[in-house]
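Asker: File data04.tsv below, TSV, C-alpha atoms:
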chain	number	residue	atom	x	y	z
P	637	MET	CA	-2.17	188.10	165.84
P	638	ARG	CA	1.53	188.13	164.92
P	639	PHE	CA	2.49	190.84	167.50
P	640	ASP	CA	0.80	192.16	170.61
P	641	THR	CA	2.24	195.70	170.43
P	642	LEU	CA	2.14	198.35	167.73
P	643	ALA	CA	5.90	198.81	168.10
P	644	GLY	CA	6.38	195.12	167.30
P	645	TRP	CA	4.29	195.36	164.16
P	646	LEU	CA	6.14	198.45	162.94
P	647	ALA	CA	9.62	197.03	163.56
P	648	TRP	CA	8.69	193.87	161.66
P	649	GLN	CA	7.22	195.82	158.73
P	650	GLU	CA	10.58	197.49	158.18
P	651	THR	CA	12.05	194.03	157.40
P	652	VAL	CA	9.33	192.42	155.27
P	653	HIS	CA	10.08	193.94	151.86
P	654	PRO	CA	13.63	193.80	150.47
P	655	VAL	CA	13.89	197.58	149.95
P	656	GLU	CA	12.52	200.48	152.00
P	657	MET	CA	11.05	202.41	149.06
P	658	ASP	CA	9.68	200.52	146.07
P	659	LEU	CA	7.12	202.58	144.16
P	660	GLY	CA	4.37	200.68	142.34
P	661	LEU	CA	0.73	199.74	142.79
P	662	SER	CA	0.66	196.01	142.06
P	663	ARG	CA	1.41	194.72	145.57
P	664	THR	CA	-0.97	197.12	147.29
P	665	ARG	CA	-3.73	196.44	144.76
P	666	LEU	CA	-3.43	192.67	145.08
P	667	VAL	CA	-3.62	192.77	148.87
P	668	HIS	CA	-6.47	195.28	148.76
P	669	GLU	CA	-8.41	192.86	146.56
P	670	ALA	CA	-7.51	189.94	148.84
P	671	LEU	CA	-9.02	191.82	151.78
P	672	GLY	CA	-12.36	191.50	150.00
P	673	HIS	CA	-13.39	195.13	150.43
P	674	GLU	CA	-15.80	196.64	147.97
P	675	SER	CA	-14.30	199.06	145.49
P	676	PRO	CA	-14.67	201.97	145.51
P	677	PRO	CA	-14.87	202.51	149.29
P	678	PRO	CA	-18.29	203.35	150.74
P	679	PHE	CA	-17.24	206.98	151.29
P	680	PRO	CA	-15.88	209.78	149.11
P	681	VAL	CA	-12.10	210.00	148.85
P	682	VAL	CA	-10.16	213.26	148.63
P	683	THR	CA	-6.56	212.64	147.52
P	684	VAL	CA	-3.90	215.32	148.03
P	685	ALA	CA	-0.59	215.24	146.15
P	686	GLY	CA	2.09	217.87	145.55
P	687	THR	CA	5.50	218.93	146.83
P	688	ASN	CA	4.60	221.33	149.64
P	689	GLY	CA	1.34	222.26	151.32
P	690	LYS	CA	-0.11	218.73	151.32
P	691	GLY	CA	-0.37	218.42	155.08
P	692	SER	CA	-1.96	221.85	155.47
P	693	THR	CA	-4.47	221.16	152.69
P	694	VAL	CA	-5.42	217.83	154.27
P	695	ALA	CA	-5.88	219.59	157.60
P	696	PHE	CA	-8.18	222.22	156.06
P	697	VAL	CA	-10.29	219.59	154.28
P	698	GLN	CA	-10.62	217.55	157.45
P	699	SER	CA	-11.53	220.54	159.57
P	700	LEU	CA	-14.15	221.73	157.08
P	701	LEU	CA	-15.77	218.29	156.95
P	702	THR	CA	-15.68	217.87	160.71
P	703	ALA	CA	-17.27	221.30	161.15
P	704	SER	CA	-20.15	220.08	158.98
P	705	GLY	CA	-20.70	217.08	161.25
P	706	ALA	CA	-19.09	214.53	158.90
P	707	ARG	CA	-17.01	211.78	160.51
P	708	THR	CA	-13.72	212.16	158.66
P	709	GLY	CA	-10.65	209.95	158.36
P	710	THR	CA	-7.27	211.36	157.38
P	711	TYR	CA	-4.11	209.56	156.36
P	712	THR	CA	-0.82	211.47	156.30
P	713	SER	CA	2.90	210.72	156.52
P	714	PRO	CA	5.39	210.76	158.02
P	715	HIS	CA	4.55	211.23	161.68
P	716	LEU	CA	6.31	213.53	164.12
P	717	VAL	CA	6.28	211.55	167.37
P	718	ARG	CA	3.77	208.65	167.29
P	719	TYR	CA	2.83	206.45	164.35
P	720	ASN	CA	-0.85	206.93	165.27
P	721	GLU	CA	-0.63	210.53	164.00
P	722	ARG	CA	-0.75	209.10	160.47
P	723	ILE	CA	-4.26	207.67	160.87
P	724	ARG	CA	-6.80	210.04	162.41
P	725	ILE	CA	-10.54	210.30	162.75
P	726	ASP	CA	-11.94	213.79	163.19
P	727	GLY	CA	-8.40	215.00	163.78
P	728	GLU	CA	-7.62	212.59	166.62
P	729	PRO	CA	-5.06	209.77	166.27
P	730	VAL	CA	-6.68	206.34	166.41
P	731	GLU	CA	-5.76	203.90	169.15
P	732	ASP	CA	-3.09	201.21	168.83
P	733	GLY	CA	-5.69	198.44	168.87
P	734	ALA	CA	-7.50	199.66	165.76
P	735	ILE	CA	-4.25	199.88	163.80
P	736	MET	CA	-3.05	196.48	165.01
P	737	THR	CA	-6.36	194.86	164.03
P	738	ALA	CA	-6.00	196.33	160.54
P	739	PHE	CA	-2.38	195.14	160.31
P	740	ASP	CA	-3.48	191.64	161.30
P	741	ARG	CA	-6.18	191.55	158.60
P	742	ILE	CA	-3.65	192.73	156.00
P	743	ASP	CA	-1.04	190.20	157.15
P	744	ARG	CA	-3.53	187.32	156.83
P	745	ALA	CA	-4.74	188.49	153.42
P	746	ARG	CA	-1.37	189.13	151.77
P	747	GLY	CA	-0.22	185.49	151.48
P	748	GLY	CA	3.31	185.57	150.10
P	749	ILE	CA	3.13	189.18	148.90
P	750	THR	CA	5.65	191.45	150.60
P	751	LEU	CA	4.66	195.02	151.40
P	752	THR	CA	6.70	198.08	152.30
P	753	TYR	CA	6.19	199.92	155.58
P	754	PHE	CA	4.26	202.63	153.71
P	755	GLU	CA	2.09	200.12	151.85
P	756	PHE	CA	1.09	198.44	155.11
P	757	GLY	CA	0.17	201.84	156.55
P	758	THR	CA	-1.85	202.91	153.52
P	759	LEU	CA	-3.93	199.74	153.48
P	760	ALA	CA	-4.36	199.90	157.25
P	761	ALA	CA	-5.62	203.48	157.16
P	762	VAL	CA	-8.42	202.71	154.70
P	763	ASP	CA	-9.24	199.49	156.59
P	764	VAL	CA	-9.56	201.49	159.83
P	765	PHE	CA	-11.78	204.05	158.10
P	766	ARG	CA	-14.07	201.30	156.80
P	767	ALA	CA	-14.35	199.73	160.23
P	768	ALA	CA	-15.08	203.10	161.83
P	769	GLY	CA	-17.77	203.96	159.27
P	770	VAL	CA	-16.34	207.34	158.31
P	771	ASP	CA	-18.33	209.64	156.05
P	772	ALA	CA	-15.27	210.76	154.06
P	773	ALA	CA	-11.54	210.07	153.82
P	774	VAL	CA	-8.68	212.42	152.98
P	775	LEU	CA	-5.52	210.67	151.80
P	776	GLU	CA	-2.12	212.34	151.46
P	777	VAL	CA	0.19	210.96	148.81
P	778	GLY	CA	3.63	210.04	150.12
P	779	ILE	CA	5.84	210.48	147.04
P	780	GLY	CA	4.74	211.48	143.57
P	781	GLY	CA	1.28	210.18	142.78
P	782	ARG	CA	1.17	207.80	139.84
P	783	LEU	CA	2.99	204.96	141.62
P	784	ASP	CA	2.27	205.87	145.24
P	785	ALA	CA	0.29	203.26	147.22
P	786	VAL	CA	-2.43	205.84	147.96
P	787	ASN	CA	-3.23	205.86	144.23
P	788	VAL	CA	-4.77	202.41	144.51
P	789	PHE	CA	-7.84	204.22	145.82
P	790	ASP	CA	-9.66	206.24	143.18
P	791	ALA	CA	-10.08	209.87	144.18
P	792	ASP	CA	-13.51	211.46	143.93
P	793	VAL	CA	-11.55	214.71	143.79
P	794	ALA	CA	-7.78	215.06	143.57
P	795	VAL	CA	-5.84	218.12	144.72
P	796	VAL	CA	-2.28	218.84	143.59
P	797	THR	CA	-0.54	221.48	145.69
P	798	PRO	CA	2.45	223.57	144.49
P	799	ILE	CA	5.13	221.55	142.71
P	800	ASP	CA	8.86	222.01	143.10
P	801	ILE	CA	11.99	219.89	142.79
P	802	ASP	CA	12.15	217.10	145.37
P	803	HIS	CA	12.65	213.32	145.41
P	804	VAL	CA	14.63	213.64	142.18
P	805	ARG	CA	15.72	209.99	142.24
P	806	TRP	CA	12.14	208.80	141.90
P	807	LEU	CA	10.25	211.66	140.23
P	808	GLY	CA	12.68	213.41	137.89
P	809	SER	CA	14.79	216.55	138.03
P	810	ASP	CA	12.42	219.13	136.54
P	811	ARG	CA	8.92	220.38	137.26
P	812	GLU	CA	7.45	218.99	134.04
P	813	SER	CA	8.59	215.45	134.87
P	814	ILE	CA	7.41	215.78	138.44
P	815	GLY	CA	4.09	217.23	137.26
P	816	ARG	CA	3.43	214.14	135.15
P	817	GLU	CA	4.02	211.92	138.17
P	818	LYS	CA	1.77	213.99	140.43
P	819	ALA	CA	-0.98	213.98	137.78
P	820	GLY	CA	-1.28	210.24	138.21
P	821	VAL	CA	-3.84	210.85	140.98
P	822	PHE	CA	-6.33	212.40	138.52
P	823	ARG	CA	-9.23	210.27	137.29
P	824	PRO	CA	-11.32	210.54	134.12
P	825	GLY	CA	-14.37	212.73	134.60
P	826	ARG	CA	-13.55	213.53	138.22
P	827	PRO	CA	-12.54	217.01	139.46
P	828	ALA	CA	-8.83	217.88	139.41
P	829	VAL	CA	-7.99	220.83	141.68
P	830	ILE	CA	-4.66	222.41	140.72
P	831	ALA	CA	-3.48	224.50	143.66
P	832	ASP	CA	-0.31	225.74	141.97
P	833	ARG	CA	-0.57	229.28	140.58
P	834	ALA	CA	2.04	228.50	137.92
P	835	PRO	CA	1.59	224.78	137.33
P	836	PRO	CA	3.77	222.69	135.03
P	837	ALA	CA	2.17	222.34	131.62
P	838	SER	CA	2.36	218.56	132.02
P	839	LEU	CA	0.04	218.68	135.02
P	840	VAL	CA	-2.65	220.67	133.21
P	841	ALA	CA	-2.30	218.60	130.05
P	842	ALA	CA	-2.75	215.37	132.00
P	843	ALA	CA	-5.99	216.57	133.58
P	844	GLU	CA	-7.36	217.80	130.28
P	845	GLY	CA	-6.31	214.60	128.52
P	846	LEU	CA	-8.32	212.54	130.99
P	847	GLY	CA	-11.38	214.70	130.64
P	848	ALA	CA	-11.10	215.58	134.33
P	849	PRO	CA	-12.81	218.90	135.13
P	850	CYS	CA	-9.77	221.12	135.76
P	851	LEU	CA	-10.14	223.73	138.51
P	852	ARG	CA	-7.08	226.00	138.68
P	853	LEU	CA	-6.14	228.37	141.48
P	854	GLY	CA	-5.98	231.89	140.09
P	855	ARG	CA	-8.19	231.05	137.14
P	856	ASP	CA	-11.26	229.08	138.25
P	857	PHE	CA	-11.11	229.92	141.95
P	858	ASP	CA	-9.13	232.40	144.03
P	859	THR	CA	-8.81	234.39	147.23
P	860	ALA	CA	-9.32	238.11	147.81
P	861	PRO	CA	-8.56	240.15	150.96
P	862	ALA	CA	-11.64	241.58	152.63
P	863	GLY	CA	-11.28	243.65	155.80
P	864	SER	CA	-9.73	241.50	158.52
P	865	GLY	CA	-10.54	238.31	156.61
P	866	TRP	CA	-10.88	237.12	153.04
P	867	THR	CA	-13.29	236.05	150.33
P	868	TRP	CA	-13.31	232.81	148.37
P	869	ARG	CA	-14.44	233.02	144.78
P	870	GLY	CA	-15.22	229.92	142.78
P	871	PRO	CA	-17.34	228.76	139.85
P	872	GLY	CA	-20.68	230.51	140.27
P	873	ARG	CA	-20.17	231.03	144.00
P	874	ARG	CA	-18.40	233.17	146.58
P	875	LEU	CA	-17.97	233.01	150.33
P	876	ASP	CA	-17.47	236.26	152.22
P	877	GLY	CA	-16.28	236.99	155.74
P	878	LEU	CA	-13.91	234.04	156.02
P	879	PRO	CA	-11.40	234.15	158.91
P	880	LEU	CA	-7.70	234.18	158.20
P	881	PRO	CA	-6.24	230.70	158.59
P	882	PRO	CA	-4.60	230.08	161.98
P	883	LEU	CA	-1.64	228.44	160.20
P	884	ALA	CA	1.18	230.92	159.57
P	885	GLY	CA	2.10	232.15	156.11
P	886	ARG	CA	0.21	233.99	153.40
P	887	PHE	CA	0.32	230.86	151.25
P	888	GLN	CA	-2.06	229.18	153.70
P	889	LEU	CA	-4.87	231.18	152.08
P	890	ASP	CA	-4.19	229.20	148.88
P	891	ASN	CA	-4.26	225.92	150.80
P	892	ALA	CA	-7.54	226.84	152.49
P	893	ALA	CA	-9.05	228.00	149.19
P	894	SER	CA	-8.06	224.75	147.51
P	895	ALA	CA	-9.66	222.72	150.30
P	896	VAL	CA	-12.87	224.71	149.84
P	897	MET	CA	-12.74	224.13	146.08
P	898	ALA	CA	-12.19	220.39	146.49
P	899	LEU	CA	-15.26	219.96	148.66
P	900	ALA	CA	-17.36	222.27	146.52
P	901	ALA	CA	-16.40	220.21	143.44
P	902	ILE	CA	-17.96	217.05	144.90
P	903	GLY	CA	-20.93	218.74	146.56
P	904	ARG	CA	-19.60	218.30	150.10
P	905	LEU	CA	-18.88	221.93	151.03
P	906	PRO	CA	-20.58	222.84	154.33
P	907	GLU	CA	-22.85	225.84	154.73
P	908	PRO	CA	-20.96	229.15	155.16
P	909	ALA	CA	-21.03	229.24	158.97
P	910	ALA	CA	-19.46	225.77	159.11
P	911	VAL	CA	-16.83	226.80	156.54
P	912	ARG	CA	-15.85	229.69	158.80
P	913	ARG	CA	-15.72	227.40	161.85
P	914	GLY	CA	-13.70	224.81	159.97
P	915	ILE	CA	-11.07	227.24	158.75
P	916	ALA	CA	-10.74	228.85	162.18
P	917	ALA	CA	-10.37	225.44	163.86
P	918	THR	CA	-7.61	224.09	161.57
P	919	ARG	CA	-4.47	223.00	163.41
P	920	LEU	CA	-1.30	221.28	162.24
P	921	ALA	CA	1.74	220.47	164.34
P	922	GLY	CA	5.18	221.25	162.99
P	923	ARG	CA	4.14	223.99	160.58
P	924	PHE	CA	5.50	227.20	162.03
P	925	GLN	CA	4.42	225.89	165.42
P	926	VAL	CA	5.48	228.40	168.08
P	927	ILE	CA	6.47	227.34	171.59
P	928	ALA	CA	6.20	230.50	173.63
P	929	GLY	CA	8.88	231.70	176.04
P	930	ASP	CA	11.43	234.42	176.69
P	931	VAL	CA	13.23	232.81	173.76
P	932	PRO	CA	10.42	231.31	171.66
P	933	VAL	CA	11.06	228.16	169.65
P	934	VAL	CA	9.52	227.78	166.19
P	935	LEU	CA	9.09	224.27	164.79
P	936	ASP	CA	8.76	223.90	161.02
P	937	ILE	CA	9.40	220.80	158.97
P	938	ALA	CA	10.66	222.82	155.94
P	939	HIS	CA	12.77	220.16	154.22
P	940	ASN	CA	13.36	221.37	150.67
P	941	PRO	CA	14.18	224.72	149.03
P	942	HIS	CA	10.55	225.59	148.24
P	943	ALA	CA	9.47	225.00	151.83
P	944	ALA	CA	12.54	226.83	153.13
P	945	ARG	CA	11.68	229.88	151.02
P	946	SER	CA	8.18	229.83	152.51
P	947	LEU	CA	9.66	229.61	156.00
P	948	ALA	CA	11.99	232.53	155.26
P	949	GLY	CA	9.02	234.60	154.12
P	950	ILE	CA	7.19	234.04	157.40
P	951	LEU	CA	10.30	234.84	159.44
P	952	ARG	CA	10.70	238.14	157.61
P	953	GLU	CA	7.02	239.02	158.03
P	954	CYS	CA	7.31	238.74	161.82
P	955	PRO	CA	10.93	239.37	162.86
P	956	PRO	CA	12.02	238.90	166.49
P	957	ALA	CA	13.30	241.73	168.67
P	958	GLY	CA	16.71	240.05	168.63
P	959	ARG	CA	18.25	237.40	166.41
P	960	ASP	CA	17.02	234.30	164.65
P	961	ILE	CA	19.05	231.19	165.50
P	962	ALA	CA	18.80	228.00	163.41
P	963	VAL	CA	18.64	224.41	164.67
P	964	VAL	CA	18.75	222.24	161.56
P	965	GLY	CA	18.83	218.59	160.57
P	966	LEU	CA	18.26	217.37	157.00
P	967	LEU	CA	17.92	214.01	155.28
P	968	GLU	CA	20.69	212.87	152.96
P	969	ASP	CA	18.59	213.01	149.79
P	970	LYS	CA	17.54	216.65	150.26
P	971	ASP	CA	19.01	219.68	148.51
P	972	ALA	CA	21.02	221.11	151.40
P	973	THR	CA	22.52	223.88	149.27
P	974	GLY	CA	19.10	225.01	148.11
P	975	VAL	CA	17.73	224.99	151.66
P	976	VAL	CA	20.66	227.00	153.04
P	977	ASP	CA	20.49	229.48	150.16
P	978	ALA	CA	16.78	230.04	150.88
P	979	VAL	CA	17.30	231.02	154.51
P	980	GLY	CA	21.02	231.75	154.86
P	981	ASP	CA	20.61	235.50	155.32
P	982	ASP	CA	18.03	235.08	158.07
P	983	PHE	CA	20.09	233.41	160.80
P	984	ALA	CA	22.74	234.84	163.10
P	985	ALA	CA	24.00	231.35	164.08
P	986	TRP	CA	23.49	227.73	163.05
P	987	PHE	CA	23.42	224.62	165.24
P	988	VAL	CA	23.37	221.54	163.02
P	989	ALA	CA	22.82	217.88	163.85
P	990	ARG	CA	22.03	214.62	162.13
P	991	PRO	CA	18.43	213.43	162.53
P	992	ARG	CA	18.06	209.87	163.79
P	993	GLY	CA	17.70	207.10	161.26
P	994	ALA	CA	19.67	205.78	158.32
P	995	ARG	CA	18.68	208.62	155.98
P	996	GLY	CA	19.96	211.50	158.12
P	997	LYS	CA	22.57	213.79	156.57
P	998	SER	CA	25.76	214.01	158.58
P	999	ALA	CA	26.08	217.11	160.73
P	1000	ALA	CA	29.63	217.68	159.48
P	1001	GLY	CA	28.46	217.57	155.86
P	1002	LEU	CA	25.63	220.01	156.53
P	1003	ALA	CA	28.00	222.30	158.42
P	1004	ARG	CA	30.31	222.40	155.38
P	1005	THR	CA	27.39	223.47	153.21
P	1006	VAL	CA	26.40	226.23	155.63
P	1007	ARG	CA	29.96	227.51	155.88
P	1008	ASP	CA	30.26	227.51	152.10
P	1009	ARG	CA	26.98	229.34	151.50
P	1010	ALA	CA	26.96	231.61	154.57
P	1011	PRO	CA	30.66	232.02	155.43
P	1012	ASP	CA	30.21	234.90	157.88
P	1013	VAL	CA	27.80	233.07	160.20
P	1014	PRO	CA	29.02	230.82	163.06
P	1015	VAL	CA	28.14	227.13	162.75
P	1016	ALA	CA	28.21	224.56	165.55
P	1017	VAL	CA	28.19	220.81	164.94
P	1018	CYS	CA	26.12	219.07	167.63
P	1019	GLU	CA	25.80	215.49	168.82
P	1020	ASP	CA	22.09	215.18	168.07
P	1021	VAL	CA	19.01	217.33	167.55
P	1022	PRO	CA	18.04	217.72	171.23
P	1023	SER	CA	21.65	218.69	172.00
P	1024	ALA	CA	21.56	221.26	169.20
P	1025	LEU	CA	18.46	222.84	170.73
P	1026	ARG	CA	20.08	222.91	174.20
P	1027	ASP	CA	23.20	224.55	172.78
P	1028	ALA	CA	21.13	227.09	170.88
P	1029	ARG	CA	19.22	227.98	174.04
P	1030	ARG	CA	22.48	228.54	175.91
P	1031	ALA	CA	23.64	230.89	173.16
P	1032	ALA	CA	20.35	232.76	172.90
P	1033	GLN	CA	19.47	235.98	174.69
P	1034	SER	CA	16.12	237.48	175.59
P	1035	GLY	CA	14.39	238.63	172.41
P	1036	ASP	CA	16.06	236.02	170.22
P	1037	ARG	CA	14.09	233.29	168.44
P	1038	ILE	CA	15.17	229.70	167.78
P	1039	VAL	CA	13.91	228.07	164.58
P	1040	VAL	CA	14.03	224.27	164.39
P	1041	PHE	CA	13.59	222.96	160.83
P	1042	GLY	CA	14.80	220.65	158.09
P	1043	SER	CA	12.73	217.48	158.45
P	1044	CYS	CA	9.76	215.84	160.14
P	1045	TYR	CA	12.34	213.78	161.98
P	1046	THR	CA	14.15	216.88	163.27
P	1047	VAL	CA	10.95	218.47	164.54
P	1048	GLY	CA	9.74	215.14	165.90
P	1049	GLU	CA	12.87	214.66	167.99
P	1050	VAL	CA	12.36	218.06	169.59
P	1051	LEU	CA	8.69	217.38	170.32
P	1052	ALA	CA	9.52	213.93	171.73
P	1053	ALA	CA	12.08	215.52	174.03
P	1054	GLY	CA	9.42	217.87	175.39
P	1055	VAL	CA	10.79	221.02	173.69
With the file now loaded, output its structure as structure tokens.

Answerer:
Amino acid sequence: MRFDTLAGWLAWQETVHPVEMDLGLSRTRLVHEALGHESPPPFPVVTVAGTNGKGSTVAFVQSLLTASGARTGTYTSPHLVRYNERIRIDGEPVEDGAIMTAFDRIDRARGGITLTYFEFGTLAAVDVFRAAGVDAAVLEVGIGGRLDAVNVFDADVAVVTPIDIDHVRWLGSDRESIGREKAGVFRPGRPAVIADRAPPASLVAAAEGLGAPCLRLGRDFDTAPAGSGWTWRGPGRRLDGLPLPPLAGRFQLDNAASAVMALAAIGRLPEPAAVRRGIAATRLAGRFQVIAGDVPVVLDIAHNPHAARSLAGILRECPPAGRDIAVVGLLEDKDATGVVDAVGDDFAAWFVARPRGARGKSAAGLARTVRDRAPDVPVAVCEDVPSALRDARRAAQSGDRIVVFGSCYTVGEVLAAGV
């Protein structure tokens, strides 16, 4: 084995391919074939693409399957604190040894083919799931869909969550262009679940052009309030008495409903009692995760304008007794102006910092954006994210609420520091 620690493997993977992000399927497909695995995998694959809501939808699908007794593998990215969070079985991160064994098999099989960090991880996840004998796998697309490494694996059912403008450099600058890229995860004759209530026409056209059974939220399946819970309505079926999702935000009903539809479409939906257990048991770190205290801290990875608008909606639904205070760090390629515009009226003060890593946006640059878009609100430039949280806590009073957001990396730094 090339390295005897997971950290060693990961550091090396960052140097193997000449560029960090290089979309395309050829390298991943060639190495997948060299591994000698049968194709398709010996378990159903649920692929989840989209701009926002992917992680929540994956979590709902996993929890529903686990509640039915199915051994379920999930692959997501990026991670918050530990790489192992990306590869889970029944919701639990796998051990270093299993990932390292998969990396070693991939390294031996690839010959002279170079792989990106993400491509190594994608192949390793499915390799781990094969070795563990999972009953189903849920794979989250990293960027786009058509050229994302996850798309090497044919989806038995593909879900596309709401689409908005993000990753413009790779996917295009409008929803129609982005929709075409996301639609790349659809397969002929296999269910396509569209979890966007106003989807781009390109997304729908792609599914119909492939002959993929198209199941649209708001048309073919939907949610309806019912007492203290809700009802799911789908093709020829309904489920009553469902609990409200434990993840914050009204939009989580759509994510839960789409997870139910995906499993129903491939005949893997559990019986109603297990559906209720699965929804109630769904957990996901970093999505309006509340750390209780006299001054509670909310952690939310909201990293683009669409996600920031969703965050603002939750904040307004449950306002604090005092003020909301922002701790923010964004990546350089994100729409900082759009993010600030989405939440600018909600915060009494901003503490900004640059997330660690080469892609972090400078704190001074983010501060200029905040001052430009919210000129009446005080802004403090901080040394790093943990320092920004400490400064915000010093400024806060009883009844205030601190909201940490802007990136997985921002939230991850706070969690790694012990909040």

Asker: Just to confirm, what's the straight-line distance from CA of Ala772 (chain P) to CA of Ala819 (chain P) in Å (one decimal)?

Answerer: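 CA of Ala772 (chain P) sits 21.9 Å away from CA of Ala819 (chain P).
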
Asker: Box along x, y and z, 5 Å on every side, all listed atoms of region 703-715 of chain P inside: centre and edge lengths in Å to one decimal, as AutoDock Vina command-line options.

Answerer:
--center_x -7.7 --center_y 215.4 --center_z 159.0 --size_x 36.1 --size_y 21.7 --size_z 15.4

Asker: With all atoms listed in the file as the counted atoms, please give the residues lying no more than 7 Å from Glu812 (chain P), apart from itself and same-chain residues fewer than 5 positions off, as a ChimeraX atom specification.

Answerer: /P:836-838

Asker: Given the point (8.6, 210.5, 146.6) in the coordinates of this file, which residues lie within 12 Å, counting all atoms listed in the file, and how would they look as a PyMOL selection string?

Answerer: chain P and resi 657-660+685-688+713-714+754+776-785+801-808+814+817-818+969-970

Asker: In Å to one decimal, how far is CA of Gly747 (chain P) from CA of Ala670 (chain P)?

Answerer: 8.9 Å

Asker: Could you tell me which of P:Phe987, P:Tyr1045, P:Phe696, P:Trp868 comes closest to Ala1032 (chain P) if we count all atoms listed in the file?

Answerer: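 The answer is P:Phe987, which sits nearest to Ala1032 (chain P).
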
Asker: Which polymer residues have any atom within 7 Å of an atom of region 872-889 of chain P, counting only C-alpha atoms, with same-chain residues fewer than 6 positions away left out, as a list of chain:residue names?

Answerer: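 That gives P:Gly865, P:Trp866, P:Pro908, P:Arg912, P:Ile915, P:Ala916, P:Thr918, P:Arg919, P:Phe924, P:Ile950.
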
Asker: Once you have the residues from the selection above, write them out as a short mmCIF file (atom, residue, chain, number, x, y, z; two decimals), keeping the file's coordinate frame, restricted to C-alpha atoms.

Answerer:
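Full text of selection37.cif as output:
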data_model
loop_
_atom_site.label_atom_id
_atom_site.label_comp_id
_atom_site.auth_asym_id
_atom_site.auth_seq_id
_atom_site.Cartn_x
_atom_site.Cartn_y
_atom_site.Cartn_z
CA GLY P 865 -10.54 238.31 156.61
CA TRP P 866 -10.88 237.12 153.04
CA PRO P 908 -20.96 229.15 155.16
CA ARG P 912 -15.85 229.69 158.80
CA ILE P 915 -11.07 227.24 158.75
CA ALA P 916 -10.74 228.85 162.18
CA THR P 918 -7.61 224.09 161.57
CA ARG P 919 -4.47 223.00 163.41
CA PHE P 924 5.50 227.20 162.03
CA ILE P 950 7.19 234.04 157.40
#

Asker: Counting all atoms listed in the file, which residues of region 874-912 of chain P fall within 8 Å of region 845-861 of chain P, and what is the closest atom pair for each with its distance in Å at one decimal, ordered by chain and rising number, as CSV?

Answerer:
residue,atom,partner,partner_atom,distance
P:Leu889,CA,P:Thr859,CA,7.0
P:Asp890,CA,P:Thr859,CA,7.1
P:Ala893,CA,P:Thr859,CA,6.7
P:Ser894,CA,P:Leu853,CA,7.3
P:Met897,CA,P:Phe857,CA,7.3

Asker: Need the neighbours of (-14.9, 214.4, 157.3): which residues are at most 12 Å away, counting all atoms listed in the file, as a PyMOL selection string?

Answerer: chain P and resi 679-682+694-711+724-728+765+769-775+899+904-906+914

Asker: Can you work out which one of P:Glu755, P:Asp981, P:Glu674, P:Glu907 has the shortest atom-to-atom distance to Arg1009 (chain P), counting all atoms listed in the file?

Answerer: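 Among the listed residues, P:Asp981 lies closest to Arg1009 (chain P).
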
Asker: Ranking P:Leu751, P:Ala938, P:Ala972, P:Cys954 by minimum distance to Glu656 (chain P) and counting all atoms listed in the file, which one comes first?

Answerer: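 Comparing P:Leu751, P:Ala938, P:Ala972, P:Cys954 against Glu656 (chain P), the winner is P:Leu751.
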
Asker: Tell me, as a list in words, which residues lie within 9 Å of Asp1027 (chain P), counting all atoms listed in the file; anything in the same chain fewer than 3 positions away does not count.

Answerer: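 Result of the neighbour search: Phe987, Ala1016, Cys1018, Pro1022, Ser1023, Ala1024, Arg1030, Ala1031 and Ala1032 of chain P.
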
Asker: Can you pull out the residues contacting Thr1046 (chain P)? Cut-off 12 Å, using all atoms listed in the file, and skip same-chain residues under 4 positions away; I want them as a CSV table (one decimal) with C-alpha atoms, keeping the file's coordinate frame.

Answerer:
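Done, and the output landed in result22.csv:
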chain,number,residue,atom,x,y,z
P,714,PRO,CA,5.4,210.8,158.0
P,715,HIS,CA,4.6,211.2,161.7
P,716,LEU,CA,6.3,213.5,164.1
P,717,VAL,CA,6.3,211.6,167.4
P,922,GLY,CA,5.2,221.2,163.0
P,935,LEU,CA,9.1,224.3,164.8
P,936,ASP,CA,8.8,223.9,161.0
P,937,ILE,CA,9.4,220.8,159.0
P,938,ALA,CA,10.7,222.8,155.9
P,939,HIS,CA,12.8,220.2,154.2
P,963,VAL,CA,18.6,224.4,164.7
P,964,VAL,CA,18.8,222.2,161.6
P,965,GLY,CA,18.8,218.6,160.6
P,966,LEU,CA,18.3,217.4,157.0
P,967,LEU,CA,17.9,214.0,155.3
P,988,VAL,CA,23.4,221.5,163.0
P,989,ALA,CA,22.8,217.9,163.8
P,990,ARG,CA,22.0,214.6,162.1
P,991,PRO,CA,18.4,213.4,162.5
P,992,ARG,CA,18.1,209.9,163.8
P,993,GLY,CA,17.7,207.1,161.3
P,995,ARG,CA,18.7,208.6,156.0
P,996,GLY,CA,20.0,211.5,158.1
P,997,LYS,CA,22.6,213.8,156.6
P,1020,ASP,CA,22.1,215.2,168.1
P,1021,VAL,CA,19.0,217.3,167.6
P,1022,PRO,CA,18.0,217.7,171.2
P,1023,SER,CA,21.6,218.7,172.0
P,1024,ALA,CA,21.6,221.3,169.2
P,1025,LEU,CA,18.5,222.8,170.7
P,1039,VAL,CA,13.9,228.1,164.6
P,1040,VAL,CA,14.0,224.3,164.4
P,1041,PHE,CA,13.6,223.0,160.8
P,1042,GLY,CA,14.8,220.6,158.1
P,1050,VAL,CA,12.4,218.1,169.6
P,1051,LEU,CA,8.7,217.4,170.3
P,1052,ALA,CA,9.5,213.9,171.7
P,1053,ALA,CA,12.1,215.5,174.0
P,1055,VAL,CA,10.8,221.0,173.7

Asker: Rank P:Val976, P:Ala892, P:Leu947, P:Ile1038 by their smallest atom-to-atom distance to Pro932 (chain P), using only C-alpha atoms, and report the top residue only.

Answerer: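 Closest candidate: P:Ile1038.
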